[in-house]
Structures are given as C-alpha cells and as structure tokens.
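This is entry.txt. It holds compact mmCIF, C-alpha atoms and all ligand atoms.
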# COMPACT_ATOMS: atom_id res chain seq x y z
CA MET A 1351 0.00 0.00 0.00
CA PHE A 1352 2.83 2.38 0.76
CA GLY A 1353 4.63 1.52 -2.46
CA PHE A 1354 3.49 4.49 -4.49
CA ILE A 1355 3.81 6.82 -1.53
CA LYS A 1356 7.37 5.70 -0.99
CA LYS A 1357 8.19 6.38 -4.62
CA THR A 1358 6.58 9.81 -4.44
CA PHE A 1359 8.35 10.65 -1.20
CA ASN A 1360 11.67 9.56 -2.59
CA LYS A 1361 11.13 11.92 -5.50
CA ILE A 1362 9.97 14.86 -3.37
CA TYR A 1363 12.64 14.55 -0.75
CA GLU A 1364 15.51 13.38 -2.94
CA GLN A 1365 17.23 16.76 -3.14
CA VAL A 1366 16.97 17.34 0.58
CA THR A 1367 17.79 13.83 1.75
CA SER A 1368 20.76 13.41 -0.56
CA LYS A 1369 22.31 16.50 1.04
CA ILE A 1370 21.47 15.32 4.56
CA LYS A 1371 22.75 11.82 3.88
CA GLY A 1372 26.01 13.39 2.72
CA LEU A 1373 26.47 14.58 6.31
CA PHE A 1374 25.82 11.08 7.67
CA SER A 1375 28.86 9.73 5.88
CA ARG A 1376 31.22 12.09 7.67
CA SER A 1377 33.52 10.54 10.21
CA SER A 1378 33.38 13.53 12.54
CA ILE A 1379 30.76 16.15 13.31
CA ASP A 1380 31.47 19.75 14.32
CA THR A 1381 29.41 22.92 14.72
CA GLU A 1382 29.98 23.67 11.02
CA THR A 1383 28.25 20.38 10.11
CA LEU A 1384 25.24 21.37 12.19
CA HIS A 1385 25.24 24.76 10.50
CA GLU A 1386 25.14 23.00 7.12
CA LEU A 1387 22.22 20.88 8.31
CA GLU A 1388 20.43 24.01 9.49
CA LYS A 1389 20.78 25.57 6.04
CA ILE A 1390 19.45 22.42 4.35
CA LEU A 1391 16.42 22.26 6.64
CA LEU A 1392 15.62 25.95 6.18
CA SER A 1393 15.91 25.69 2.41
CA ALA A 1394 13.41 22.82 2.49
CA ASP A 1395 10.66 24.95 4.15
CA THR A 1396 11.08 23.41 7.57
CA GLY A 1397 10.64 26.87 9.06
CA TYR A 1398 12.76 28.84 11.46
CA SER A 1399 11.32 27.70 14.78
CA THR A 1400 11.22 24.00 13.93
CA THR A 1401 14.72 24.08 12.44
CA ARG A 1402 16.02 25.94 15.50
CA MET A 1403 14.56 23.32 17.82
CA ILE A 1404 16.14 20.46 15.84
CA ILE A 1405 19.57 22.13 15.68
CA ASP A 1406 19.46 23.10 19.36
CA LYS A 1407 18.86 19.50 20.38
CA LEU A 1408 21.71 18.27 18.20
CA SER A 1409 24.04 21.03 19.43
CA LYS A 1410 23.38 20.09 23.05
CA SER A 1411 24.12 16.48 22.25
CA HIS A 1412 27.32 17.53 20.48
CA GLN A 1413 28.44 19.73 23.38
CA SER A 1414 27.88 16.95 25.89
CA GLY A 1415 29.98 14.60 23.79
CA HIS A 1416 27.17 12.36 22.54
CA LEU A 1417 27.25 13.46 18.93
CA ASN A 1418 30.59 13.01 17.23
CA SER A 1419 30.07 11.03 14.04
CA GLY A 1420 27.84 10.96 10.98
CA VAL A 1421 26.40 7.65 12.15
CA GLN A 1422 25.34 9.25 15.43
CA LEU A 1423 23.91 12.23 13.55
CA HIS A 1424 21.83 9.82 11.48
CA GLU A 1425 20.45 8.07 14.58
CA GLN A 1426 19.76 11.25 16.52
CA LEU A 1427 18.22 13.21 13.66
CA LYS A 1428 15.92 10.28 12.90
CA LYS A 1429 14.78 10.17 16.51
CA ILE A 1430 14.16 13.93 16.68
CA LEU A 1431 12.21 14.03 13.42
CA ILE A 1432 9.99 11.14 14.52
CA GLU A 1433 9.35 12.99 17.80
CA VAL A 1434 8.40 16.11 15.86
CA LEU A 1435 5.87 14.17 13.81
CA GLN A 1436 4.46 12.17 16.72
CA THR A 1437 2.27 14.78 18.36
CA ASN A 1438 0.71 14.23 21.78
CA HIS A 1439 -2.56 13.12 20.26
CA PRO A 1440 -1.98 10.53 17.57
CA TYR A 1441 -4.45 10.73 14.72
CA LYS A 1442 -7.49 8.44 14.69
CA ASP A 1443 -10.38 8.25 12.20
CA SER A 1444 -13.97 8.54 13.34
CA SER A 1445 -17.16 8.15 11.26
CA ILE A 1446 -17.93 11.80 10.62
CA PHE A 1447 -15.37 13.83 8.72
CA LEU A 1448 -15.47 17.60 8.35
CA LEU A 1449 -13.03 19.00 5.81
CA VAL A 1450 -11.93 22.59 6.30
CA GLY A 1451 -9.26 24.76 4.70
CA ILE A 1452 -8.79 27.71 2.38
CA ASN A 1453 -9.94 27.75 -1.25
CA GLY A 1454 -7.76 25.70 -3.50
CA SER A 1455 -6.07 23.77 -0.72
CA GLY A 1456 -7.64 20.50 -1.86
CA LYS A 1457 -10.74 19.96 0.33
CA THR A 1458 -13.08 18.75 -2.40
CA THR A 1459 -10.46 16.49 -3.97
CA CYS A 1460 -9.58 15.02 -0.57
CA ALA A 1461 -13.25 14.57 0.40
CA ALA A 1462 -13.56 12.39 -2.72
CA LYS A 1463 -10.30 10.57 -2.08
CA LEU A 1464 -11.29 9.88 1.52
CA ALA A 1465 -14.70 8.65 0.36
CA ALA A 1466 -13.05 6.26 -2.10
CA ARG A 1467 -10.70 5.02 0.58
CA CYS A 1468 -13.52 4.37 3.09
CA LYS A 1469 -15.57 2.67 0.38
CA ASN A 1470 -12.62 0.41 -0.45
CA LEU A 1471 -12.45 -0.49 3.22
CA GLY A 1472 -16.01 -1.80 2.88
CA LYS A 1473 -17.81 1.17 4.46
CA ARG A 1474 -21.06 2.71 3.25
CA VAL A 1475 -20.17 6.34 2.61
CA LEU A 1476 -22.29 9.47 2.20
CA LEU A 1477 -20.76 12.68 0.84
CA VAL A 1478 -22.09 16.14 1.65
CA GLY A 1479 -21.27 19.08 -0.61
CA ALA A 1480 -21.69 22.01 1.74
CA ASP A 1481 -19.56 24.52 -0.15
CA THR A 1482 -22.52 26.55 -1.33
CA PHE A 1483 -20.46 29.71 -1.67
CA ARG A 1484 -18.98 28.97 -5.07
CA ALA A 1485 -21.31 27.98 -7.89
CA ALA A 1486 -19.23 25.11 -9.25
CA ALA A 1487 -18.11 23.72 -5.92
CA THR A 1488 -20.75 21.09 -5.21
CA ALA A 1489 -20.91 20.17 -8.92
CA GLN A 1490 -17.20 19.30 -8.68
CA LEU A 1491 -17.87 16.98 -5.75
CA LYS A 1492 -20.85 15.46 -7.58
CA VAL A 1493 -18.59 14.49 -10.48
CA TRP A 1494 -16.28 12.72 -8.05
CA ALA A 1495 -19.19 11.09 -6.20
CA ASP A 1496 -20.56 9.64 -9.46
CA ARG A 1497 -17.14 8.47 -10.52
CA ILE A 1498 -16.44 6.59 -7.31
CA GLY A 1499 -20.04 5.45 -6.84
CA VAL A 1500 -20.87 7.17 -3.56
CA PRO A 1501 -24.17 9.00 -2.90
CA ILE A 1502 -24.09 12.72 -2.27
CA ILE A 1503 -26.24 15.40 -0.67
CA GLU A 1504 -25.58 18.43 -2.79
CA GLY A 1505 -26.13 21.97 -1.58
CA GLN A 1506 -27.48 24.68 -3.90
CA THR A 1507 -25.46 27.83 -4.49
CA GLY A 1508 -26.25 30.35 -1.78
CA GLN A 1509 -27.96 27.81 0.48
CA ASP A 1510 -27.02 27.90 4.16
CA PRO A 1511 -24.28 25.24 4.57
CA ALA A 1512 -25.81 24.25 7.90
CA SER A 1513 -29.06 23.26 6.20
CA VAL A 1514 -27.19 21.09 3.67
CA ILE A 1515 -25.37 19.41 6.53
CA PHE A 1516 -28.68 18.96 8.35
CA ALA A 1517 -30.02 17.09 5.30
CA GLY A 1518 -26.81 15.03 5.17
CA CYS A 1519 -27.11 14.03 8.82
CA GLN A 1520 -30.77 13.07 8.32
CA LYS A 1521 -29.96 10.78 5.40
CA TYR A 1522 -26.95 9.35 7.24
CA LYS A 1523 -29.18 8.37 10.17
CA ALA A 1524 -32.19 7.22 8.18
CA GLU A 1525 -30.19 4.98 5.87
CA ASN A 1526 -27.61 3.78 8.35
CA PHE A 1527 -24.49 4.91 6.57
CA ASP A 1528 -21.12 4.12 8.16
CA VAL A 1529 -19.23 7.24 7.15
CA LEU A 1530 -20.25 10.85 6.53
CA ILE A 1531 -17.80 13.15 4.74
CA ILE A 1532 -18.60 16.86 4.67
CA ASP A 1533 -16.89 19.25 2.22
CA THR A 1534 -17.10 22.91 3.26
CA ALA A 1535 -16.43 26.35 1.77
CA GLY A 1536 -13.00 27.81 2.23
CA ARG A 1537 -13.17 31.50 1.75
CA LEU A 1538 -10.58 33.28 3.82
CA GLN A 1539 -12.41 35.33 6.36
CA THR A 1540 -11.90 36.86 9.73
CA LYS A 1541 -11.37 34.57 12.65
CA ILE A 1542 -14.70 35.59 14.16
CA ASN A 1543 -16.69 34.78 11.01
CA LEU A 1544 -14.87 31.52 10.53
CA MET A 1545 -15.44 30.61 14.15
CA HIS A 1546 -19.16 31.33 13.91
CA GLU A 1547 -19.59 29.37 10.71
CA LEU A 1548 -17.74 26.33 11.99
CA GLU A 1549 -19.54 26.55 15.33
CA LYS A 1550 -22.89 26.56 13.53
CA ILE A 1551 -21.87 23.51 11.48
CA ARG A 1552 -20.71 21.67 14.59
CA LYS A 1553 -23.93 22.54 16.38
CA VAL A 1554 -26.03 21.02 13.60
CA ILE A 1555 -24.00 17.83 13.59
CA GLY A 1556 -24.02 17.69 17.39
CA LYS A 1557 -27.78 18.02 17.50
CA GLN A 1558 -28.46 15.51 14.74
CA LEU A 1559 -25.81 12.99 15.71
CA PRO A 1560 -25.31 13.56 19.43
CA ASP A 1561 -23.27 10.42 20.02
CA ALA A 1562 -21.03 10.77 17.01
CA GLN A 1563 -17.46 11.91 17.18
CA VAL A 1564 -16.48 14.40 14.51
CA THR A 1565 -13.05 14.35 12.93
CA THR A 1566 -12.11 17.78 11.64
CA LEU A 1567 -9.39 17.66 9.02
CA LEU A 1568 -7.58 20.73 7.73
CA THR A 1569 -6.21 20.59 4.19
CA ILE A 1570 -2.90 22.39 3.80
CA ASP A 1571 -1.33 23.10 0.43
CA SER A 1572 2.33 22.18 0.89
CA MET A 1573 3.35 24.40 -2.03
CA LEU A 1574 2.48 27.49 0.00
CA GLY A 1575 5.26 26.79 2.47
CA GLN A 1576 5.29 29.02 5.53
CA ASN A 1577 2.22 30.99 4.37
CA SER A 1578 0.07 27.93 4.81
CA LEU A 1579 1.05 27.83 8.47
CA ASP A 1580 -0.52 31.23 9.15
CA GLN A 1581 -3.76 30.10 7.54
CA ALA A 1582 -3.65 26.84 9.44
CA ARG A 1583 -3.33 28.78 12.69
CA LEU A 1584 -6.45 30.77 11.87
CA PHE A 1585 -8.42 27.56 11.47
CA HIS A 1586 -6.86 25.94 14.48
CA GLU A 1587 -7.84 28.89 16.64
CA SER A 1588 -11.37 28.81 15.21
CA THR A 1589 -12.18 25.15 15.69
CA PRO A 1590 -10.42 22.16 17.22
CA LEU A 1591 -8.52 20.24 14.54
CA ASP A 1592 -7.96 16.49 14.74
CA GLY A 1593 -5.63 16.10 11.83
CA ILE A 1594 -3.97 17.68 8.82
CA ILE A 1595 -4.18 16.53 5.25
CA LEU A 1596 -1.04 17.74 3.56
CA THR A 1597 -1.87 18.20 -0.13
CA LYS A 1598 0.12 18.68 -3.33
CA LEU A 1599 3.24 17.09 -1.93
CA ASP A 1600 3.86 15.96 -5.52
CA SER A 1601 4.22 19.58 -6.60
CA THR A 1602 6.94 20.68 -4.22
CA ALA A 1603 10.63 19.89 -4.12
CA LYS A 1604 10.78 21.05 -0.51
CA GLY A 1605 8.34 19.27 1.77
CA GLY A 1606 9.90 20.41 5.06
CA ILE A 1607 6.51 21.95 5.82
CA ILE A 1608 5.46 18.53 7.12
CA PHE A 1609 7.73 19.06 10.15
CA ALA A 1610 6.75 22.70 10.63
CA VAL A 1611 3.05 21.79 10.64
CA SER A 1612 3.42 19.12 13.31
CA HIS A 1613 5.83 21.10 15.45
CA GLU A 1614 4.13 24.47 15.33
CA LEU A 1615 0.47 23.44 15.34
CA HIS A 1616 0.75 20.28 17.44
CA VAL A 1617 -1.77 18.67 15.14
CA PRO A 1618 -0.87 15.29 13.64
CA VAL A 1619 -0.57 14.79 9.90
CA ALA A 1620 -3.39 12.34 9.20
CA TYR A 1621 -3.23 11.89 5.43
CA ILE A 1622 -1.13 13.02 2.55
CA SER A 1623 -2.25 13.80 -0.97
CA THR A 1624 0.23 13.48 -3.78
CA GLY A 1625 -1.65 14.07 -7.02
CA GLU A 1626 -4.95 14.72 -8.73
CA SER A 1627 -6.07 11.14 -9.28
CA ILE A 1628 -8.20 9.34 -6.72
CA ASP A 1629 -5.55 6.86 -5.56
CA THR A 1630 -2.89 9.44 -4.69
CA PHE A 1631 -3.93 9.57 -1.07
CA ALA A 1632 -2.69 7.64 1.94
CA PRO A 1633 -2.68 7.64 5.72
CA PHE A 1634 0.49 9.06 7.20
CA ASP A 1635 2.73 7.13 9.57
CA PRO A 1636 5.63 9.12 11.08
CA VAL A 1637 7.87 6.13 11.80
CA ILE A 1638 7.49 4.55 8.36
CA PHE A 1639 7.96 7.96 6.75
CA ILE A 1640 11.19 8.79 8.57
CA ASP A 1641 12.54 5.25 8.21
CA ASP A 1642 12.04 5.51 4.45
CA LEU A 1643 13.29 9.07 4.24
CA LEU A 1644 16.57 8.61 6.08
CA ALA A 1645 17.14 4.90 5.44
N1 LIG B 1 -0.93 18.08 -7.94
C1 LIG B 1 -1.90 18.03 -7.03
N2 LIG B 1 -3.03 18.74 -7.22
C2 LIG B 1 -3.99 18.66 -6.27
C3 LIG B 1 -3.86 17.87 -5.11
N3 LIG B 1 -4.99 18.03 -4.36
C4 LIG B 1 -5.79 18.87 -5.05
N4 LIG B 1 -5.21 19.27 -6.21
C5 LIG B 1 -5.72 20.21 -7.21
O1 LIG B 1 -5.82 21.49 -6.61
C6 LIG B 1 -6.95 22.19 -7.11
C7 LIG B 1 -7.84 22.64 -5.96
O2 LIG B 1 -8.38 21.48 -5.32
P1 LIG B 1 -9.83 21.48 -4.66
O3 LIG B 1 -10.05 20.11 -4.12
O4 LIG B 1 -10.84 22.01 -5.60
O5 LIG B 1 -9.60 22.52 -3.46
P2 LIG B 1 -10.69 23.20 -2.51
O6 LIG B 1 -10.95 24.58 -3.05
O7 LIG B 1 -10.03 23.27 -1.16
O8 LIG B 1 -11.90 22.33 -2.50
C8 LIG B 1 -7.64 21.24 -8.07
O9 LIG B 1 -7.24 21.55 -9.38
C9 LIG B 1 -7.11 19.87 -7.67
O10 LIG B 1 -7.10 18.96 -8.74
C10 LIG B 1 -2.63 17.13 -4.93
O11 LIG B 1 -2.40 16.43 -3.95
N5 LIG B 1 -1.70 17.25 -5.92
MG MG B 2 -13.89 22.78 -2.86

With the file now loaded, output its structure as structure tokens.
Ligand SMILES: Nc1nc2c(ncn2[C@@H]2O[C@H](COP(=O)(O)OP(=O)(O)O)[C@@H](O)[C@H]2O)c(=O)[nH]1
Ligand SMILES: [Mg+2]
Amino acid sequence: MFGFIKKTFNKIYEQVTSKIKGLFSRSSIDTETLHELEKILLSADTGYSTTRMIIDKLSKSHQSGHLNSGVQLHEQLKKILIEVLQTNHPYKDSSIFLLVGINGSGKTTCAAKLAARCKNLGKRVLLVGADTFRAAATAQLKVWADRIGVPIIEGQTGQDPASVIFAGCQKYKAENFDVLIIDTAGRLQTKINLMHELEKIRKVIGKQLPDAQVTTLLTIDSMLGQNSLDQARLFHESTPLDGIILTKLDSTAKGGIIFAVSHELHVPVAYISTGESIDTFAPFDPVIFIDDLLA
C-alpha cells in the first residue's frame, strides 16, 4: 500500500535527503556540520522555529559529547524528526469527517479521495457538498461522487451550509451509513466569522448525531510553504482540529513543511495527498515515513 507513496516521497525529498545523507557519511561532526544541516532544513521549508529546535537539540548532544560522528547524527536526527511528527494526540479516524481549509487547498479532492478510501475499506459512505459559496463547488464533488459510486447530498449555491449538513445528517441516520464526509467552503475570512460558521456547522452535527465523534481535518497546500502555516493557525484557533491533510506534496521539491506543521500546530498529519487522481492519497505514519526518508 505504501509503495506508491514511498516512490513519491523519494522523488519529493531526494534533493533534501541526498544532502542530509552526505552529512551522515562524515567521520566527525562539528558545529559547522550542524550549521550545514540548518541551512538544508531551512531551504526545504522546515521553518525557522522547527529548524532551531532540531539544531538546538543536536548542538546540546554535540556539546555533551554524545554526537561526534555521521552515524550518530543519522540516529539522533531520525529520533528527533519522529518525535516532531508524533504529536501528543496521535491521529485516529472517526465516522464523521469535516473537511476545512482555504480555497484551492484540496478539500473537495480530498473529500472524494477519503470517500473512495472508506468505500474500499467496505464502508457505506455518504458525501455532503456544503460549499454553497462557489457555484461550481458542489458540482465538482458530484462528479467525483458519481465516478467513485458514492451517494451525495448536494447543496445549492447560496444555500445555508448548515441546512445542507442537516439534510446530510438526516440521510446518514435514516439509511444507516457508516461514514459521513462533509466538504465545506473555504473563503478566507476573519477569525470571528470563521469561528461562527464552523460553530454553527458543529452545532447542527451535534444536534443531529449527538453520540457521534467528529473528525475535523484541515487541508494544507504544501506548495504554500510558511504561508500555509498562518492560515492553518487561523483555522486551528477557530475550531479544534484532529488532523492535517497535507496536499500537493507531488508539486513541491521542498516538503519540510510537514515538520513545521506538526511542530508548530501540534496537530498530527493524518493523510497526505500526492496528485490529482483518486488513488494518490494515503494515511500518514511518522515512523514509516522517517525510516524511508533517512534509510
Ligand atoms: N498536484 C496536485 N493537485 C492537487 C492535489 N490536491 C488537489 N489538487 C488540485 O488542486 C486544485 C484545488 O483542489 P480542490 O479540491 O478544488 O480545493 P478546494 O478549493 O479546497 O476544495 C484542483 O485543481 C485539484 O485537482 C494534490 O495532492 N496534488
Ligand atoms: Mg472545494
């Protein structure tokens, strides 16, 4: 299952990892080596604060005499990067998924990909197109729904998203679906507006499905680098996030954003999206990822 992901990762991270692996082959490590590593991490979009934390840990280890060789650097960097990606709350699916994120970050595509994945796992899936802000938005999800053979509740342009979600919850209950996946609008707005809209959506779901746990997933476009972090913060402060879907990893040669997201938001990366076709989507496992990356 991870075959294609591994290939994609190898391609994305090749430039970065080949430079890092060059450091692993050194027989001795000094502060200059750590400075080189710092530059590599920064150039890969890892972000200042995350890079600083990684380098500080390694510097301390070096100063106390525990980091002297490339082999040790390999071991210790691997451990630190896994720790960065393993947030306090590991990601877990529930039955109700709410996809949030800014326009163009990949919500609709990922709603479809997630639906296809759940269907392949033998679940009965219902999609809800609640992005009623843009005319073509629910039509786009409908095309996907038909293609993958999953029913959809489609909102009309201008309709209150909460009422579309209400209809979705009703159908979900009445017909005993296993999984409900809700695609939402992603216009960038003020924190207050965003908070109110998401609160309203959560209220509807909470009222209709009082026992259900809701998994809120934020799609982040990895091509936007550090900018995407600011947007992610806005969402995170507006509604509790359970996981991140990192999208368009196929379109970046950097990819260090994956560490910045986990470190700075403390939200686990749940899934990654690496293309426009339905099968370019997979759950994310920090240990497998780092093992492959720095093997
Ligand atoms: N290359 C690539 N394109 C993607 C990926 N995910 C989404 N897209 C494309 O990005 C554009 C915006 O995606 P969409 O799902 O409509 O974003 P939304 O506005 O958040 O719903 C579309 O053209 C998608 O085909 C991805 O992982 N890789
Ligand atoms: Mg959309």

Using only C-alpha atoms, what does the table of range 1529-1618 of chain A residues within 12 Å of range 1358-1368 of chain A look like, with each row giving the shortest atom pair and its distance in Å to one decimal, sorted by chain and ascending number, as a tab-separated table?
residue	atom	partner	partner_atom	distance
A:Ser1572	CA	A:Ile1362	CA	11.4
A:Met1573	CA	A:Ile1362	CA	11.7
A:Lys1598	CA	A:Ile1362	CA	10.6
A:Leu1599	CA	A:Ile1362	CA	7.2
A:Asp1600	CA	A:Ile1362	CA	6.6
A:Ser1601	CA	A:Ile1362	CA	8.1
A:Thr1602	CA	A:Ile1362	CA	6.6
A:Ala1603	CA	A:Ile1362	CA	5.1
A:Lys1604	CA	A:Tyr1363	CA	6.8
A:Gly1605	CA	A:Tyr1363	CA	6.9
A:Gly1606	CA	A:Tyr1363	CA	8.7
A:Ile1607	CA	A:Tyr1363	CA	11.6
A:Ile1608	CA	A:Tyr1363	CA	11.4

Selection export as a short mmCIF file (atom, residue, chain, number, x, y, z; two decimals), keeping the file's coordinate frame, atoms kept: C-alpha atoms:
data_model
loop_
_atom_site.label_atom_id
_atom_site.label_comp_id
_atom_site.auth_asym_id
_atom_site.auth_seq_id
_atom_site.Cartn_x
_atom_site.Cartn_y
_atom_site.Cartn_z
CA SER A 1572 2.33 22.18 0.89
CA MET A 1573 3.35 24.40 -2.03
CA LYS A 1598 0.12 18.68 -3.33
CA LEU A 1599 3.24 17.09 -1.93
CA ASP A 1600 3.86 15.96 -5.52
CA SER A 1601 4.22 19.58 -6.60
CA THR A 1602 6.94 20.68 -4.22
CA ALA A 1603 10.63 19.89 -4.12
CA LYS A 1604 10.78 21.05 -0.51
CA GLY A 1605 8.34 19.27 1.77
CA GLY A 1606 9.90 20.41 5.06
CA ILE A 1607 6.51 21.95 5.82
CA ILE A 1608 5.46 18.53 7.12
#

So which residues are near ligand LIG 1 (chain B), meaning at most 9 Å away with all atoms listed in the file counted, given back as a PyMOL selection string?
-> chain A and resi 1449-1462+1481+1487+1490-1491+1533-1537+1569-1572+1596-1601+1622-1627+1630-1631

Filtering to C-alpha atoms, could you give me those residues as a compact mmCIF listing (two decimals), in the frame of the given file?
# COMPACT_ATOMS: atom_id res chain seq x y z
CA LEU A 1449 -13.03 19.00 5.81
CA VAL A 1450 -11.93 22.59 6.30
CA GLY A 1451 -9.26 24.76 4.70
CA ILE A 1452 -8.79 27.71 2.38
CA ASN A 1453 -9.94 27.75 -1.25
CA GLY A 1454 -7.76 25.70 -3.50
CA SER A 1455 -6.07 23.77 -0.72
CA GLY A 1456 -7.64 20.50 -1.86
CA LYS A 1457 -10.74 19.96 0.33
CA THR A 1458 -13.08 18.75 -2.40
CA THR A 1459 -10.46 16.49 -3.97
CA CYS A 1460 -9.58 15.02 -0.57
CA ALA A 1461 -13.25 14.57 0.40
CA ALA A 1462 -13.56 12.39 -2.72
CA ASP A 1481 -19.56 24.52 -0.15
CA ALA A 1487 -18.11 23.72 -5.92
CA GLN A 1490 -17.20 19.30 -8.68
CA LEU A 1491 -17.87 16.98 -5.75
CA ASP A 1533 -16.89 19.25 2.22
CA THR A 1534 -17.10 22.91 3.26
CA ALA A 1535 -16.43 26.35 1.77
CA GLY A 1536 -13.00 27.81 2.23
CA ARG A 1537 -13.17 31.50 1.75
CA THR A 1569 -6.21 20.59 4.19
CA ILE A 1570 -2.90 22.39 3.80
CA ASP A 1571 -1.33 23.10 0.43
CA SER A 1572 2.33 22.18 0.89
CA LEU A 1596 -1.04 17.74 3.56
CA THR A 1597 -1.87 18.20 -0.13
CA LYS A 1598 0.12 18.68 -3.33
CA LEU A 1599 3.24 17.09 -1.93
CA ASP A 1600 3.86 15.96 -5.52
CA SER A 1601 4.22 19.58 -6.60
CA ILE A 1622 -1.13 13.02 2.55
CA SER A 1623 -2.25 13.80 -0.97
CA THR A 1624 0.23 13.48 -3.78
CA GLY A 1625 -1.65 14.07 -7.02
CA GLU A 1626 -4.95 14.72 -8.73
CA SER A 1627 -6.07 11.14 -9.28
CA THR A 1630 -2.89 9.44 -4.69
CA PHE A 1631 -3.93 9.57 -1.07

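Here CA of Phe1585 in chain A and CA of Thr1565 in chain A stand 14.1 Å from one another.
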
Might you pull out every residue within 10 Å of His1385 in chain A, with only C-alpha atoms counted and same-chain residues fewer than 6 positions away left off, and present them as a list in words?
->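 Those residues are Leu1391, Ile1405 and Ser1409 of chain A.
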
Residues near range 1436-1445 of chain A, cut-off 7 Å, all atoms listed in the file, skip fewer than 3 positions along chain, as a PyMOL selection string | chain A and resi 1432-1433+1528-1530+1563-1565+1592-1593+1612+1616-1618+1620+1636

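Take the candidates A:Asp1629, A:Leu1615, A:Ile1640, A:Lys1410 and check each one against Ala1466 in chain A using only C-alpha atoms; the shortest distance goes to A:Asp1629.
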
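Put simply, CA of Ile1551 in chain A is 7.5 Å away from CA of Pro1511 in chain A.
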
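When CA of Ala1485 in chain A is paired with CA of Glu1504 in chain A, their separation reads 11.6 Å.
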
Show me as a ChimeraX atom specification the residues that reach within 7 Å of (-15.5, 25.4, 15.1), counting all atoms listed in the file and using the file's own coordinates.
-> /A:1545,1548-1549,1552,1588-1590

Identify, on the basis of all atoms listed in the file, every residue whose closest approach to range 1421-1428 of chain A does not exceed 9 Å; exclude the query and any residue fewer than 4 positions from it along the same chain; express the result as a list in words.
-> Ile1370, Lys1371, Leu1373, Phe1374, Ser1375, Arg1376, Ser1377, Ile1379, Ile1404, Leu1408, Ser1411, His1416, Leu1417, Ile1432, Glu1433, Ile1640, Asp1641 and Leu1644 of chain A

Residues near range 1473-1475 of chain A, cut-off 12 Å, only C-alpha atoms, skip fewer than 6 positions along chain, as a PyMOL selection string = chain A and resi 1445-1447+1461-1467+1495+1498-1503+1518+1521-1523+1525-1532

Distance criterion (only C-alpha atoms): nearest to Leu1567 in chain A out of A:Leu1392, A:Lys1429, A:His1586, A:Tyr1398 |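 Comparing A:Leu1392, A:Lys1429, A:His1586, A:Tyr1398 against Leu1567 in chain A, the winner is A:His1586.
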
For range 1625-1631 of chain A, where the input has fewer atoms than it should, I would like all heavy atoms rebuilt and written as an mmCIF file, in the frame of the given file.
data_model
loop_
_atom_site.group_PDB
_atom_site.id
_atom_site.type_symbol
_atom_site.label_atom_id
_atom_site.label_comp_id
_atom_site.auth_asym_id
_atom_site.auth_seq_id
_atom_site.Cartn_x
_atom_site.Cartn_y
_atom_site.Cartn_z
ATOM 1 N N GLY A 1625 -1.295 14.005 -5.610
ATOM 2 C CA GLY A 1625 -1.650 14.070 -7.020
ATOM 3 C C GLY A 1625 -3.124 14.349 -7.191
ATOM 4 O O GLY A 1625 -3.848 14.531 -6.221
ATOM 5 N N GLU A 1626 -3.560 14.384 -8.465
ATOM 6 C CA GLU A 1626 -4.950 14.720 -8.730
ATOM 7 C C GLU A 1626 -5.834 13.498 -8.907
ATOM 8 O O GLU A 1626 -7.056 13.603 -8.885
ATOM 9 C CB GLU A 1626 -5.026 15.642 -9.955
ATOM 10 C CG GLU A 1626 -4.412 17.004 -9.646
ATOM 11 C CD GLU A 1626 -4.566 17.999 -10.779
ATOM 12 O OE1 GLU A 1626 -3.682 18.002 -11.665
ATOM 13 O OE2 GLU A 1626 -5.541 18.751 -10.776
ATOM 14 N N SER A 1627 -5.238 12.330 -9.093
ATOM 15 C CA SER A 1627 -6.070 11.140 -9.280
ATOM 16 C C SER A 1627 -6.463 10.558 -7.929
ATOM 17 O O SER A 1627 -5.826 10.815 -6.905
ATOM 18 C CB SER A 1627 -5.326 10.095 -10.124
ATOM 19 O OG SER A 1627 -4.187 9.662 -9.436
ATOM 20 N N ILE A 1628 -7.534 9.776 -7.943
ATOM 21 C CA ILE A 1628 -8.200 9.340 -6.720
ATOM 22 C C ILE A 1628 -7.310 8.493 -5.799
ATOM 23 O O ILE A 1628 -7.468 8.496 -4.590
ATOM 24 C CB ILE A 1628 -9.504 8.575 -7.083
ATOM 25 C CG1 ILE A 1628 -10.460 8.532 -5.907
ATOM 26 C CG2 ILE A 1628 -9.226 7.188 -7.625
ATOM 27 C CD1 ILE A 1628 -11.287 9.759 -5.757
ATOM 28 N N ASP A 1629 -6.339 7.794 -6.381
ATOM 29 C CA ASP A 1629 -5.550 6.860 -5.560
ATOM 30 C C ASP A 1629 -4.286 7.495 -4.979
ATOM 31 O O ASP A 1629 -3.504 6.827 -4.314
ATOM 32 C CB ASP A 1629 -5.196 5.622 -6.402
ATOM 33 C CG ASP A 1629 -4.448 6.015 -7.660
ATOM 34 O OD1 ASP A 1629 -4.463 7.217 -8.015
ATOM 35 O OD2 ASP A 1629 -3.847 5.136 -8.299
ATOM 36 N N THR A 1630 -4.101 8.791 -5.205
ATOM 37 C CA THR A 1630 -2.890 9.440 -4.690
ATOM 38 C C THR A 1630 -3.160 10.036 -3.310
ATOM 39 O O THR A 1630 -3.096 11.245 -3.099
ATOM 40 C CB THR A 1630 -2.422 10.549 -5.639
ATOM 41 O OG1 THR A 1630 -3.560 11.371 -5.933
ATOM 42 C CG2 THR A 1630 -1.860 10.002 -6.918
ATOM 43 N N PHE A 1631 -3.476 9.154 -2.395
ATOM 44 C CA PHE A 1631 -3.930 9.570 -1.070
ATOM 45 C C PHE A 1631 -3.623 8.425 -0.117
ATOM 46 O O PHE A 1631 -3.910 7.271 -0.419
ATOM 47 C CB PHE A 1631 -5.441 9.802 -1.142
ATOM 48 C CG PHE A 1631 -6.062 10.348 0.104
ATOM 49 C CD1 PHE A 1631 -5.943 11.687 0.427
ATOM 50 C CD2 PHE A 1631 -6.821 9.530 0.938
ATOM 51 C CE1 PHE A 1631 -6.552 12.200 1.568
ATOM 52 C CE2 PHE A 1631 -7.427 10.042 2.070
ATOM 53 C CZ PHE A 1631 -7.293 11.377 2.380
#
